[in-house]
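Shown next: model13.tsv, given as TSV, C-alpha atoms and all ligand atoms.
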```tsv
chain	number	residue	atom	x	y	z
A	20	MET	CA	0.00	0.00	0.00
A	21	ASP	CA	1.35	3.40	-0.97
A	22	ARG	CA	-0.25	5.55	1.66
A	23	ARG	CA	-0.63	9.05	0.32
A	24	GLY	CA	-2.01	10.28	3.62
A	25	PHE	CA	1.32	9.64	5.22
A	26	ILE	CA	2.98	11.98	2.77
A	27	LYS	CA	0.55	14.70	3.85
A	28	THR	CA	1.38	14.03	7.51
A	29	ILE	CA	5.13	14.20	7.18
A	30	GLY	CA	5.24	16.55	4.20
A	31	GLY	CA	7.05	19.24	6.15
A	32	SER	CA	9.55	16.98	7.83
A	33	GLY	CA	12.07	16.83	5.01
A	34	LEU	CA	12.12	13.05	5.03
A	35	VAL	CA	10.71	12.77	1.53
A	36	ILE	CA	13.32	15.22	0.24
A	37	ALA	CA	16.03	13.34	2.10
A	38	ALA	CA	14.92	10.07	0.56
A	39	SER	CA	14.91	11.39	-2.97
A	40	GLY	CA	18.13	13.35	-2.43
A	41	LEU	CA	19.91	10.16	-1.49
A	42	SER	CA	18.55	8.36	-4.55
A	43	LEU	CA	16.65	5.98	-2.36
A	44	THR	CA	13.30	6.45	-4.01
A	45	GLY	CA	13.64	3.05	-5.66
A	46	CYS	CA	14.40	1.22	-2.44
A	47	ASP	CA	12.13	-1.02	-0.43
A	48	GLN	CA	9.91	-2.06	-3.29
A	49	MET	CA	7.39	-4.87	-2.96
A	50	PRO	CA	9.41	-8.10	-2.88
A	51	GLN	CA	8.93	-10.07	-6.08
A	52	SER	CA	8.39	-13.29	-4.12
A	53	ALA	CA	5.29	-11.78	-2.42
A	54	VAL	CA	3.53	-10.96	-5.67
A	55	ALA	CA	4.74	-13.90	-7.79
A	56	PRO	CA	1.38	-15.73	-7.32
A	57	TRP	CA	-0.21	-12.96	-9.42
A	58	ASP	CA	1.68	-14.30	-12.46
A	59	GLY	CA	-0.75	-17.21	-12.23
A	60	PRO	CA	0.02	-20.86	-11.55
A	61	ALA	CA	2.35	-22.77	-13.87
A	62	PRO	CA	0.28	-24.60	-16.53
A	63	THR	CA	2.24	-27.76	-15.76
A	64	LEU	CA	0.84	-28.02	-12.21
A	65	PRO	CA	-1.56	-30.86	-11.43
A	66	ASP	CA	-5.18	-29.73	-11.90
A	67	ARG	CA	-6.16	-29.14	-8.27
A	68	GLU	CA	-2.97	-27.22	-7.45
A	69	TRP	CA	-3.48	-25.14	-10.59
A	70	MET	CA	-7.04	-24.23	-9.51
A	71	LEU	CA	-5.83	-23.39	-6.01
A	72	GLY	CA	-3.20	-21.11	-7.58
A	73	TYR	CA	-6.12	-18.91	-8.71
A	74	ALA	CA	-8.24	-19.32	-5.60
A	75	ILE	CA	-5.51	-17.87	-3.34
A	76	LEU	CA	-5.84	-14.58	-5.24
A	77	ALA	CA	-9.28	-14.05	-3.66
A	78	PRO	CA	-10.03	-10.87	-1.72
A	79	ASN	CA	-10.18	-11.66	1.98
A	80	PRO	CA	-10.35	-9.70	5.23
A	81	HIS	CA	-7.08	-8.08	6.33
A	82	ASN	CA	-5.39	-10.26	3.72
A	83	ARG	CA	-5.22	-13.04	6.32
A	84	GLN	CA	-5.61	-15.70	3.59
A	85	PRO	CA	-7.36	-17.95	6.13
A	86	TRP	CA	-7.59	-21.05	3.96
A	87	LEU	CA	-6.45	-24.65	4.33
A	88	ALA	CA	-7.04	-27.19	1.56
A	89	ASP	CA	-7.01	-30.94	2.12
A	90	LEU	CA	-6.16	-32.83	-1.08
A	91	SER	CA	-5.98	-36.29	0.47
A	92	LYS	CA	-9.00	-37.66	-1.47
A	93	ALA	CA	-8.79	-37.98	-5.25
A	94	ASN	CA	-10.92	-35.56	-7.30
A	95	GLU	CA	-11.85	-33.63	-4.18
A	96	ILE	CA	-10.72	-30.58	-2.25
A	97	THR	CA	-11.85	-30.05	1.32
A	98	LEU	CA	-11.61	-26.47	2.51
A	99	PHE	CA	-11.07	-25.48	6.14
A	100	ALA	CA	-10.76	-22.12	7.91
A	101	ASP	CA	-7.24	-21.82	9.29
A	102	PRO	CA	-7.75	-21.32	13.06
A	103	GLU	CA	-4.43	-19.44	13.23
A	104	ARG	CA	-5.68	-16.78	10.83
A	105	LEU	CA	-8.87	-15.44	12.38
A	106	LEU	CA	-9.58	-11.86	13.48
A	107	PRO	CA	-11.04	-12.15	17.00
A	108	HIS	CA	-11.42	-8.41	17.65
A	109	THR	CA	-12.67	-6.95	14.36
A	110	ASP	CA	-14.47	-10.12	13.24
A	111	PRO	CA	-15.53	-11.76	16.51
A	112	PHE	CA	-17.88	-14.30	14.88
A	113	GLY	CA	-15.74	-15.12	11.84
A	114	ARG	CA	-18.35	-13.64	9.49
A	115	GLN	CA	-15.79	-11.86	7.34
A	116	ILE	CA	-13.47	-14.86	7.42
A	117	LEU	CA	-16.26	-16.97	5.93
A	118	ILE	CA	-17.00	-14.34	3.29
A	119	GLY	CA	-13.32	-14.74	2.45
A	120	HIS	CA	-14.01	-18.45	1.94
A	121	GLY	CA	-16.81	-17.65	-0.46
A	122	THR	CA	-14.49	-15.48	-2.55
A	123	PHE	CA	-11.98	-18.36	-2.57
A	124	LEU	CA	-14.59	-20.94	-3.59
A	125	GLU	CA	-15.88	-18.80	-6.42
A	126	LEU	CA	-12.41	-18.31	-7.90
A	127	LEU	CA	-11.75	-22.01	-7.44
A	128	ASP	CA	-14.96	-22.80	-9.33
A	129	ILE	CA	-14.11	-20.37	-12.14
A	130	ALA	CA	-10.62	-21.88	-12.45
A	131	ALA	CA	-12.02	-25.44	-12.38
A	132	ARG	CA	-14.26	-24.65	-15.35
A	133	GLU	CA	-11.30	-23.23	-17.20
A	134	ARG	CA	-9.52	-26.54	-16.70
A	135	GLY	CA	-12.58	-28.50	-17.92
A	136	TYR	CA	-14.05	-29.55	-14.57
A	137	ARG	CA	-17.56	-29.37	-13.25
A	138	THR	CA	-17.63	-28.77	-9.49
A	139	GLU	CA	-20.10	-29.75	-6.87
A	140	ILE	CA	-19.58	-27.50	-3.87
A	141	ILE	CA	-21.15	-28.69	-0.64
A	142	LEU	CA	-21.03	-26.08	2.10
A	143	PHE	CA	-20.41	-27.27	5.65
A	144	PRO	CA	-20.68	-30.98	4.78
A	145	ASP	CA	-20.22	-31.98	8.43
A	146	GLY	CA	-22.62	-29.35	9.79
A	147	GLU	CA	-22.82	-25.58	9.92
A	148	PRO	CA	-21.09	-23.96	12.90
A	149	ALA	CA	-23.11	-21.74	15.22
A	150	GLY	CA	-23.24	-18.11	14.26
A	151	ASP	CA	-22.36	-16.61	17.61
A	152	SER	CA	-18.82	-17.80	18.17
A	153	LEU	CA	-15.45	-17.90	16.48
A	154	GLU	CA	-15.44	-21.72	16.53
A	155	ILE	CA	-15.36	-22.17	12.79
A	156	GLY	CA	-12.10	-24.03	12.37
A	157	ASP	CA	-12.59	-27.71	13.19
A	158	LYS	CA	-15.16	-28.78	10.60
A	159	PRO	CA	-14.81	-28.20	6.86
A	160	VAL	CA	-16.25	-25.06	5.31
A	161	ALA	CA	-16.77	-26.83	1.99
A	162	ARG	CA	-16.20	-30.02	0.08
A	163	ILE	CA	-15.50	-29.48	-3.61
A	164	GLN	CA	-16.03	-32.50	-5.84
A	165	LEU	CA	-14.46	-32.31	-9.26
A	166	GLU	CA	-15.67	-34.11	-12.33
A	167	LYS	CA	-14.13	-33.81	-15.79
A	168	ASP	CA	-16.70	-32.44	-18.23
A	169	ALA	CA	-15.63	-31.43	-21.71
A	170	ALA	CA	-18.92	-29.56	-22.18
A	171	ILE	CA	-18.50	-27.21	-19.21
A	172	PRO	CA	-18.38	-23.63	-20.50
A	173	SER	CA	-15.56	-21.42	-19.29
A	174	ASP	CA	-16.47	-18.37	-17.24
A	175	PRO	CA	-15.86	-15.01	-18.96
A	176	LEU	CA	-14.65	-13.55	-15.64
A	177	PHE	CA	-11.68	-15.96	-15.56
A	178	LYS	CA	-9.57	-13.49	-17.52
A	179	ASP	CA	-10.02	-10.81	-14.82
A	180	ILE	CA	-8.71	-12.85	-11.89
A	181	LEU	CA	-5.05	-11.79	-12.24
A	182	THR	CA	-5.83	-8.06	-12.53
A	183	ARG	CA	-8.51	-7.89	-9.83
A	184	ARG	CA	-7.63	-5.57	-6.94
A	185	SER	CA	-9.11	-3.91	-3.88
A	186	ASN	CA	-8.33	-0.29	-4.65
A	187	LYS	CA	-7.82	1.53	-1.34
A	188	GLU	CA	-6.88	4.93	-2.80
A	189	SER	CA	-8.88	8.14	-2.73
A	190	TYR	CA	-11.07	8.11	-5.87
A	191	GLN	CA	-11.63	10.77	-8.52
A	192	GLU	CA	-14.48	13.14	-7.80
A	193	ALA	CA	-16.96	11.49	-10.14
A	194	TYR	CA	-20.26	9.63	-9.85
A	195	LEU	CA	-20.66	6.35	-11.73
A	196	THR	CA	-21.87	6.76	-15.30
A	197	ALA	CA	-25.30	5.31	-16.05
A	198	THR	CA	-23.62	2.44	-17.91
A	199	ASP	CA	-21.28	1.64	-15.05
A	200	LYS	CA	-24.09	1.83	-12.52
A	201	GLU	CA	-25.98	-0.68	-14.66
A	202	ILE	CA	-22.96	-2.97	-14.72
A	203	ILE	CA	-22.79	-2.88	-10.92
A	204	GLN	CA	-26.52	-3.51	-10.67
A	205	SER	CA	-26.33	-6.40	-13.12
A	206	LEU	CA	-24.51	-8.65	-10.66
A	207	PRO	CA	-26.43	-11.96	-10.70
A	208	LEU	CA	-27.50	-12.45	-7.09
A	209	LEU	CA	-27.81	-15.77	-5.30
A	210	SER	CA	-30.93	-16.80	-3.45
A	211	GLY	CA	-31.74	-14.50	-0.49
A	212	GLN	CA	-29.39	-11.73	-1.62
A	213	ARG	CA	-30.11	-8.16	-2.61
A	214	SER	CA	-27.79	-5.25	-3.30
A	215	GLY	CA	-27.87	-1.48	-3.31
A	216	VAL	CA	-25.80	1.28	-4.83
A	217	ALA	CA	-25.60	5.03	-4.15
A	218	THR	CA	-24.25	7.23	-6.91
A	219	SER	CA	-25.36	10.76	-6.08
A	220	GLU	CA	-24.01	13.18	-3.49
A	221	ALA	CA	-27.34	13.20	-1.63
A	222	ASP	CA	-27.28	9.41	-1.28
A	223	VAL	CA	-23.55	8.97	-0.74
A	224	SER	CA	-23.02	11.76	1.78
A	225	PRO	CA	-24.64	10.03	4.82
A	226	LEU	CA	-22.94	6.72	3.92
A	227	ARG	CA	-19.57	8.42	3.69
A	228	GLU	CA	-20.13	9.80	7.19
A	229	PHE	CA	-21.03	6.34	8.52
A	230	ALA	CA	-17.82	5.02	6.98
A	231	ARG	CA	-15.87	7.88	8.56
A	232	ILE	CA	-17.14	7.53	12.12
A	233	ALA	CA	-16.82	3.76	11.97
A	234	VAL	CA	-13.18	3.95	10.84
A	235	LEU	CA	-12.42	6.46	13.58
A	236	LYS	CA	-14.12	4.21	16.13
A	237	GLU	CA	-11.97	1.28	15.04
A	238	ILE	CA	-8.82	3.41	15.32
A	239	GLU	CA	-9.81	4.83	18.71
A	240	THR	CA	-10.61	1.39	20.14
A	241	PRO	CA	-7.21	0.14	21.31
A	242	ARG	CA	-7.72	-3.59	20.81
A	243	THR	CA	-9.20	-3.30	17.31
A	244	LEU	CA	-6.45	-0.91	16.25
A	245	LEU	CA	-3.87	-3.26	17.72
A	246	GLU	CA	-5.26	-6.19	15.75
A	247	SER	CA	-4.64	-4.32	12.49
A	248	VAL	CA	-1.29	-2.93	13.58
A	249	GLU	CA	-0.01	-6.36	14.57
A	250	LEU	CA	-0.84	-7.52	11.05
A	251	THR	CA	0.98	-4.62	9.43
A	252	ARG	CA	4.16	-5.60	7.58
A	253	ILE	CA	6.48	-2.60	7.45
A	254	GLY	CA	9.04	-2.74	4.67
A	255	ALA	CA	10.08	-5.27	2.05
A	256	ASP	CA	11.83	-7.62	4.49
A	257	GLU	CA	8.77	-8.03	6.72
A	258	ILE	CA	6.51	-8.46	3.68
A	259	ALA	CA	8.81	-11.11	2.20
A	260	GLN	CA	8.76	-12.97	5.53
A	261	ASN	CA	4.98	-12.68	5.97
A	262	PRO	CA	3.27	-12.00	2.63
A	263	ASP	CA	-0.12	-11.26	4.19
A	264	GLY	CA	-1.78	-8.60	6.34
A	265	ILE	CA	-1.44	-4.89	5.62
A	266	ASP	CA	1.66	-4.12	3.60
A	267	LEU	CA	3.54	-0.84	3.84
A	268	HIS	CA	6.58	-0.41	1.66
A	269	GLY	CA	8.50	2.11	-0.39
A	270	PRO	CA	11.13	4.72	0.44
A	271	LEU	CA	8.88	6.72	2.73
A	272	PHE	CA	8.21	3.82	5.05
A	273	TRP	CA	11.84	2.72	4.79
A	274	TRP	CA	12.92	6.12	6.08
A	275	LEU	CA	10.28	6.34	8.76
A	276	LYS	CA	11.27	2.90	10.03
A	277	ARG	CA	14.95	3.77	9.90
A	278	PHE	CA	14.38	6.92	11.95
A	279	GLY	CA	12.36	4.94	14.49
A	280	LEU	CA	9.17	6.78	13.52
A	281	MET	CA	7.33	3.80	12.10
A	282	SER	CA	6.89	0.79	14.33
A	283	HIS	CA	3.98	-1.20	15.67
A	284	GLU	CA	4.30	0.63	18.97
A	285	LYS	CA	4.28	4.08	17.32
A	286	ALA	CA	1.30	3.15	15.17
A	287	ILE	CA	-0.87	2.54	18.25
A	288	THR	CA	0.32	5.70	20.04
A	289	PRO	CA	-1.76	8.83	19.39
A	290	GLY	CA	0.36	11.88	18.58
A	291	THR	CA	3.01	9.99	16.62
A	292	ILE	CA	3.56	10.36	12.88
A	293	ALA	CA	2.73	6.68	12.44
A	294	TYR	CA	-0.64	6.97	14.23
A	295	GLN	CA	-1.60	10.29	12.63
A	296	GLY	CA	-0.48	9.03	9.22
A	297	GLY	CA	-2.94	6.15	9.59
A	298	VAL	CA	-5.79	8.50	10.51
A	299	ASP	CA	-4.99	10.89	7.63
A	300	TYR	CA	-4.74	8.02	5.18
A	301	ALA	CA	-8.17	6.72	6.18
A	302	MET	CA	-9.74	10.17	6.08
A	303	GLY	CA	-8.21	10.60	2.61
A	304	TRP	CA	-10.05	7.61	1.18
A	305	VAL	CA	-13.23	8.47	3.09
A	306	ASP	CA	-13.23	11.96	1.55
A	307	GLY	CA	-12.41	10.49	-1.85
A	308	THR	CA	-15.63	8.44	-1.95
A	309	TYR	CA	-18.34	9.33	-4.46
A	310	ASN	CA	-20.20	6.04	-4.88
A	311	MET	CA	-20.98	3.25	-2.45
A	312	GLY	CA	-22.62	-0.15	-2.65
A	313	TRP	CA	-23.77	-2.87	-0.29
A	314	LEU	CA	-24.68	-6.53	-0.44
A	315	VAL	CA	-27.42	-7.83	1.86
A	316	THR	CA	-28.46	-11.38	2.72
A	317	SER	CA	-31.88	-12.35	4.05
A	318	ASP	CA	-30.30	-14.02	7.09
A	319	ASN	CA	-26.89	-14.27	8.67
A	320	SER	CA	-26.38	-18.03	8.43
A	321	ARG	CA	-22.90	-19.35	7.77
A	322	SER	CA	-23.96	-20.39	4.26
A	323	ALA	CA	-25.30	-16.89	3.60
A	324	GLN	CA	-21.91	-15.47	4.62
A	325	VAL	CA	-20.01	-17.80	2.27
A	326	ASN	CA	-22.44	-17.09	-0.57
A	327	ALA	CA	-22.02	-13.35	-0.02
A	328	GLY	CA	-18.31	-13.86	-0.69
A	329	ARG	CA	-19.07	-15.76	-3.90
A	330	SER	CA	-21.18	-12.86	-5.17
A	331	TYR	CA	-18.84	-10.16	-3.94
A	332	VAL	CA	-15.83	-11.51	-5.81
A	333	ARG	CA	-17.88	-11.73	-8.99
A	334	LEU	CA	-18.77	-8.07	-8.51
A	335	ASN	CA	-15.09	-7.29	-7.97
A	336	LEU	CA	-14.21	-9.11	-11.22
A	337	MET	CA	-17.01	-7.39	-13.15
A	338	ALA	CA	-15.81	-4.01	-11.83
A	339	THR	CA	-12.25	-4.87	-12.85
A	340	ASN	CA	-13.46	-5.70	-16.33
A	341	ALA	CA	-15.34	-2.38	-16.58
A	342	GLY	CA	-12.50	-0.25	-15.15
A	343	ILE	CA	-14.38	0.54	-11.92
A	344	ALA	CA	-12.38	0.62	-8.70
A	345	ILE	CA	-13.87	-1.11	-5.66
A	346	HIS	CA	-12.87	-1.19	-2.00
A	347	PRO	CA	-14.67	-2.96	0.86
A	348	VAL	CA	-15.03	-0.81	3.98
A	349	SER	CA	-16.22	-3.17	6.68
A	350	GLN	CA	-15.74	-1.19	9.87
A	351	VAL	CA	-19.41	-0.25	10.29
A	352	LEU	CA	-20.42	-3.91	9.86
A	353	GLN	CA	-18.17	-5.24	12.58
A	354	GLU	CA	-19.77	-6.85	15.58
A	355	TYR	CA	-17.79	-5.60	18.59
A	356	PRO	CA	-19.65	-3.68	21.30
A	357	GLU	CA	-18.05	-0.27	20.68
A	358	MET	CA	-19.41	-0.30	17.10
A	359	HIS	CA	-22.94	-1.23	18.11
A	360	ASP	CA	-24.60	2.22	18.14
A	361	ILE	CA	-23.00	3.34	14.89
A	362	GLN	CA	-24.05	0.09	13.24
A	363	THR	CA	-27.61	0.37	14.51
A	364	ALA	CA	-27.94	3.87	13.01
A	365	PHE	CA	-26.37	2.68	9.74
A	366	LEU	CA	-28.78	-0.26	9.41
A	367	GLU	CA	-31.72	1.97	10.22
A	368	HIS	CA	-30.57	4.40	7.53
A	369	LEU	CA	-30.51	1.58	4.96
A	370	GLY	CA	-33.79	0.12	6.24
A	371	ILE	CA	-32.24	-3.25	7.15
A	372	LYS	CA	-34.15	-5.29	9.71
A	373	THR	CA	-32.85	-8.39	11.49
A	374	PRO	CA	-32.29	-11.13	10.35
A	375	GLU	CA	-31.33	-9.33	7.13
A	376	THR	CA	-27.60	-8.63	7.25
A	377	VAL	CA	-25.35	-6.28	5.33
A	378	GLN	CA	-22.43	-8.58	4.50
A	379	MET	CA	-20.38	-6.23	2.33
A	380	PHE	CA	-20.23	-2.41	2.20
A	381	TYR	CA	-17.89	-0.96	-0.40
A	382	ARG	CA	-16.69	2.14	-2.19
A	383	LEU	CA	-16.94	2.30	-5.96
A	384	GLY	CA	-15.35	4.78	-8.31
A	385	TYR	CA	-12.61	5.70	-10.68
A	386	GLN	CA	-8.90	5.57	-10.00
A	387	SER	CA	-5.80	4.35	-11.74
A	388	ASP	CA	-4.80	0.75	-11.20
A	389	VAL	CA	-2.99	-0.25	-8.04
A	390	SER	CA	-0.35	-2.93	-7.63
A	391	PRO	CA	-1.24	-6.37	-6.29
A	392	SER	CA	-1.22	-7.20	-2.61
A	393	PRO	CA	1.06	-9.94	-1.26
A	394	ARG	CA	0.09	-13.57	-1.29
A	395	ARG	CA	1.43	-16.64	0.40
A	396	ARG	CA	2.45	-19.42	-1.94
A	397	MET	CA	-0.17	-21.97	-2.94
A	398	PRO	CA	1.64	-24.87	-1.18
A	399	ASP	CA	1.36	-22.93	2.12
A	400	ILE	CA	-2.38	-23.57	2.22
A	401	VAL	CA	-2.23	-27.27	1.33
A	402	MET	CA	-2.56	-29.49	4.40
A	403	SER	CA	0.14	-32.09	4.65
A	501	LIG	C1	-15.00	-9.78	3.89
A	501	LIG	C2	-13.99	-8.75	3.47
A	501	LIG	C3	-13.88	-7.59	4.20
A	501	LIG	C4	-12.95	-6.61	3.83
A	501	LIG	N1	-12.88	-5.44	4.54
A	501	LIG	C5	-11.99	-4.50	4.20
A	501	LIG	C6	-11.91	-3.27	4.92
A	501	LIG	O1	-12.67	-3.03	5.84
A	501	LIG	N2	-10.98	-2.37	4.55
A	501	LIG	C7	-10.12	-2.61	3.51
A	501	LIG	O2	-9.28	-1.76	3.23
A	501	LIG	N3	-10.19	-3.74	2.80
A	501	LIG	C8	-11.10	-4.69	3.12
A	501	LIG	N4	-11.18	-5.84	2.39
A	501	LIG	C9	-10.28	-6.03	1.25
A	501	LIG	C10	-9.03	-6.78	1.70
A	501	LIG	O3	-8.24	-5.97	2.52
A	501	LIG	C11	-8.25	-7.25	0.46
A	501	LIG	O4	-9.04	-8.17	-0.23
A	501	LIG	C12	-6.93	-7.89	0.83
A	501	LIG	O5	-6.07	-6.94	1.42
A	501	LIG	C13	-6.25	-8.45	-0.40
A	501	LIG	O6	-6.10	-7.45	-1.37
A	501	LIG	P1	-6.68	-7.64	-2.82
A	501	LIG	O7	-8.17	-7.71	-2.73
A	501	LIG	O8	-6.24	-6.41	-3.59
A	501	LIG	O9	-6.10	-8.89	-3.39
A	501	LIG	C14	-12.10	-6.83	2.72
A	501	LIG	C15	-12.23	-8.01	1.97
A	501	LIG	C16	-13.18	-8.96	2.34
A	501	LIG	C17	-13.33	-10.20	1.51
```

Turn the structure described in the file into C-alpha cells.
Amino acid sequence: MDRRGFIKTIGGSGLVIAASGLSLTGCDQMPQSAVAPWDGPAPTLPDREWMLGYAILAPNPHNRQPWLADLSKANEITLFADPERLLPHTDPFGRQILIGHGTFLELLDIAARERGYRTEIILFPDGEPAGDSLEIGDKPVARIQLEKDAAIPSDPLFKDILTRRSNKESYQEAYLTATDKEIIQSLPLLSGQRSGVATSEADVSPLREFARIAVLKEIETPRTLLESVELTRIGADEIAQNPDGIDLHGPLFWWLKRFGLMSHEKAITPGTIAYQGGVDYAMGWVDGTYNMGWLVTSDNSRSAQVNAGRSYVRLNLMATNAGIAIHPVSQVLQEYPEMHDIQTAFLEHLGIKTPETVQMFYRLGYQSDVSPSPRRRMPDIVMS
C-alpha cells in the first residue's frame, strides 16, 4: 500500500526530500516473491494445485488468507478455515473470514471450469457452525467434488482474476456513469441476496459519514487498532517474511522505520507520525468516496456469509473488467460492542431489519490501477 495520507502528515519533515536526495526512491519495493502468485500458476501443475493457484488470489479480510485445503482424497478438495488466521477483535464471529471463503470458492470454481471440470460444492458438509462464536475451524467449510466435463463452459470472468484488486486509494471526484451503474446492478445475485448502490451526493453523503465515524471508532478502540497494527508488515523484508496482512513499503516507510518513527508501537500511540499518518490516510479515502454499494443477505447463516463472498468476488471481477475501482469498507459492519450504536444507526438508515444482514459495504469509483497485494504461496495452504 502506498499511503498518500502519510505523505501529507510528514510533508514538512524533510524526510521525503532526504529520501529522494539520497537516490533511495527506488528502495524497499514490494518483494517479487510476495507478488509472484499474481503471475498465475504454472500450466504444468496438477489440476487441483493449478485451480488453487487462482483461488488464493481471492479478496479476503485483512489479507489473512485464512484457507487450508485438504487434497488427500482424489478428485476432491476439502476447505477449512485456518484457526491461526482469524480476526477475533474486528471479526468476533468469523463472518468476514467466511465471506473470504466464499471469494476463494468462487475463484476455485471459475478456475475449475477453465480446466474442464464441473464442481459440486457442498457447504459445511459436516454441519454448519453456530453463528455466535469464532469456533469455525474444526469442521470443513466446503467439500469441492471435481468431475471432468468437456462440455463445461468457461467463465468469462476468468480473464479478470489476475488483474482484480481492492483499490484503497482516494477516488476521482466522479459519480458512476449510467452504464457503469448498470454494470454494478447487473450482478447476478444468489438466493436470499439483494444489493444497493448510491451514486449521487445526496445518497452517498450520509454513507460516507457512517464510513468515517466507523473507521475512527476502530482506530480509537485500542484492541481493534492493535489487531490491524499487529498484522501490518512494514518494509520489504517483513513483507517477504509474511506475505499477508497490511503491507507498507516504499522509500517513505523505509525512512520512517529507519528513523524509528514507524513501528507497531508508534502506530498505536496517538500523537506519533505513524498513528496520525494512519488516521490521515483513512480520512483521505473516506473523503475520496463518491459512490458506495452494499450486499445484503436475508439471514446471517454461515452459508449466507459464504455465498455473499461468492457474489462479492464476482462483482469485484465485473468491476475490474469495466474499469471501476472497488474497495470494501467493513468497519461499520463489525460486531464488537463499541461499534454497536453506529451500526444500529447505519442499518436503520438503509432500512435493514434483522435477520437481514449487510455482509459487504464498499466504495466504488474511478482511480488508476494499483499494484497487487502480497500472497502466500499456494503450497502454504495445502494441508500435509
Ligand atoms: C469480507 C472482506 C472484508 C474486507 N474489509 C476491508 C476493509 O474493511 N478495509 C479494507 O481496506 N479492505 C477490506 N477488504 C479487502 C481486503 O483488505 C483485500 O481483499 C486484501 O487486502 C487483499 O487485497 P486484494 O483484494 O487487492 O487482493 C475486505 C475483503 C473482504 C473479503

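Here CA of Phe112 (chain A) stands at a distance of 8.0 Å from CA of Glu154 (chain A).
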
Check: So which residues touch Glu375 (chain A) within 6 Å, counting all atoms listed in the file, skipping near sequence neighbours fewer than 4 positions away, as a PyMOL selection string?
Finding: chain A and resi 316-318

Using 8 Å of padding on each side, determine the axis-aligned box around all atoms of ligand LIG 501 (chain A) present in the file and give its centre and edge lengths in Å to one decimal, as AutoDock Vina command-line options.
```
--center_x -10.5 --center_y -6.0 --center_z 1.1 --size_x 24.9 --size_y 24.4 --size_z 25.4
```

Note to self: If I take CA of Thr218 (chain A) and CA of Arg333 (chain A), how far is one from the other in Å, to one decimal?
What the structure shows: 20.1 Å

Next item on the list: Name the residues in contact with Pro398 (chain A) at a cut-off of 10 Å, using all atoms listed in the file, excluding same-chain residues fewer than 6 positions from it; report them as a list in words.
Entry: Glu68, Leu71, Gly72, Leu87 and Ala88 of chain A

Item checked: All residues having an atom within 8 Å of ligand LIG 501 (chain A) (only C-alpha atoms and all ligand atoms) as a PyMOL selection string -> chain A and resi 76-83+114-119+122+183-187+263-265+328+331-332+346-350+378-379+390-393

Next item on the list: Measuring atom to atom with all atoms listed in the file, identify which of A:Arg231, A:Lys178, A:His268, A:Lys372 is nearest to Asp299 (chain A).
Entry: A:Arg231

Just save region 113-128 of chain A with C-alpha atoms, as a PDB file, in the first residue's frame.
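So the final result, stored in result.pdb, reads:
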```
ATOM      1  CA  GLY A 113     -15.737 -15.116  11.840  1.00  0.00           C
ATOM      2  CA  ARG A 114     -18.355 -13.643   9.493  1.00  0.00           C
ATOM      3  CA  GLN A 115     -15.793 -11.860   7.337  1.00  0.00           C
ATOM      4  CA  ILE A 116     -13.468 -14.856   7.417  1.00  0.00           C
ATOM      5  CA  LEU A 117     -16.261 -16.972   5.929  1.00  0.00           C
ATOM      6  CA  ILE A 118     -17.003 -14.337   3.290  1.00  0.00           C
ATOM      7  CA  GLY A 119     -13.319 -14.744   2.448  1.00  0.00           C
ATOM      8  CA  HIS A 120     -14.006 -18.455   1.942  1.00  0.00           C
ATOM      9  CA  GLY A 121     -16.814 -17.650  -0.459  1.00  0.00           C
ATOM     10  CA  THR A 122     -14.492 -15.483  -2.553  1.00  0.00           C
ATOM     11  CA  PHE A 123     -11.976 -18.358  -2.571  1.00  0.00           C
ATOM     12  CA  LEU A 124     -14.595 -20.944  -3.589  1.00  0.00           C
ATOM     13  CA  GLU A 125     -15.878 -18.801  -6.424  1.00  0.00           C
ATOM     14  CA  LEU A 126     -12.407 -18.311  -7.905  1.00  0.00           C
ATOM     15  CA  LEU A 127     -11.752 -22.013  -7.437  1.00  0.00           C
ATOM     16  CA  ASP A 128     -14.957 -22.800  -9.326  1.00  0.00           C
TER      17      ASP A 128
END
```
